[in-house]
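Step one of this worksheet: look at the structure below.
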Amino acid sequence: MVHKSRKAVLQELKLSNEGSFKELSYKYHSRLCRYAYYILGNKQWAEDVVQSFFARIWEQREDLEIEGKMENYLFVSVRNASYNFLKSNLLQKMRETEYVMNQTEDKSRIDKESFFKKLQEALGRLPEQCREIYCLKNMEGLTYKEIADYLQISEKTVDVQIYRALKKLRELMAVYKNAFYL
């Protein structure tokens, strides 16, 4: 791909230049997939997230505005899409499990109360700052920027702490891995 400025790429995308779009996706696709895999830990999910991200760029190309470096925009967007995927996957699995639990009295099924007690214990085992940031994000619904401003830390620190919280929760909740994907 011939090096084009961010403005030139945006302009070509807004003019529905498929060649420019293909060049952009070709240049970044594999790197973005590796980055999403680092977050998600699943190759297929990573590829799905990146593919959806590029589809969204194409769909919204006429209104696309990017401040700063194109590469930064792409990686931050894929990071956020990966976290959103994890969050929606967790919520979906929780709903599915709750449905199964409500449909049967089978004692071999996961006890919902036990799961949430275990989740509370796992949250309690997180380092204080990590737990606080995770709760602000997932219970209060704050954005990374809002959390960073509130705690007077960088957005990168928020990102790292969310990643660490998810990783630790996955480890601590491994007993429930067949029912939930943290």
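So you can find residues: chains in the structure tokens are A, B, ... in the order shown, residues in each start at 1, and ligands are numbered from 1 in order.
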
query = Using only C-alpha atoms, which residues sit within 8 Å of range 82-84 of chain A once same-chain residues fewer than 2 positions away are excluded, as a list of chain:residue names?
reply =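 Near range 82-84 of chain A, the qualifying residues are A:Ala36, A:Ile39, A:Leu40, A:Ala46, A:Val49, A:Val78, A:Arg79, A:Asn80, A:Leu86, A:Lys87, A:Ser88.
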
Which residues are near range 120-127 of chain A? Cut-off 7 Å, only C-alpha atoms, ignore same chain within fewer than 2 positions. Put them as a compact mmCIF listing (two decimals) with C-alpha atoms, in the first residue's frame.
# COMPACT_ATOMS: atom_id res chain seq x y z
CA PHE A 116 -23.13 -14.88 41.87
CA LYS A 117 -21.66 -15.59 45.30
CA LYS A 118 -18.55 -16.98 43.57
CA GLN A 129 -7.77 -0.37 41.86
CA CYS A 130 -8.49 -3.17 39.40
CA ARG A 131 -11.80 -3.97 41.13
CA ALA A 165 -9.67 -7.90 35.79
CA LEU A 169 -12.04 -13.30 36.69
CA LEU A 172 -11.17 -17.53 39.25

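One finds CA of Trp58 in chain A at 28.7 Å from CA of Glu146 in chain A.
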
key: Atom pair CA of Arg61 in chain A / CA of Asn17 in chain A: separation (Å)   =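 So the answer is 9.9 Å.
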
inquiry  = Going by DSSP on the backbone, which residues of range 41-154 of chain A come out as helix (DSSP H, G or I)? List them as a VMD selection string.
reply    = chain A and resid 43 to 59 61 to 63 70 to 103 112 to 124 128 to 138 144 to 151

task = Using only C-alpha atoms, find the one residue out of A:Val76, A:Met139, A:Lys27, A:Met173 that sits nearest to Ser114 in chain A.
result =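 When distances to Ser114 in chain A are compared using only C-alpha atoms, the smallest one comes from A:Met173.
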
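Among A:Leu32, A:Ile162, A:Leu119, A:Ala8, the residue with the shortest atom-to-atom distance to Leu136 in chain A, counting only C-alpha atoms, is A:Ile162.
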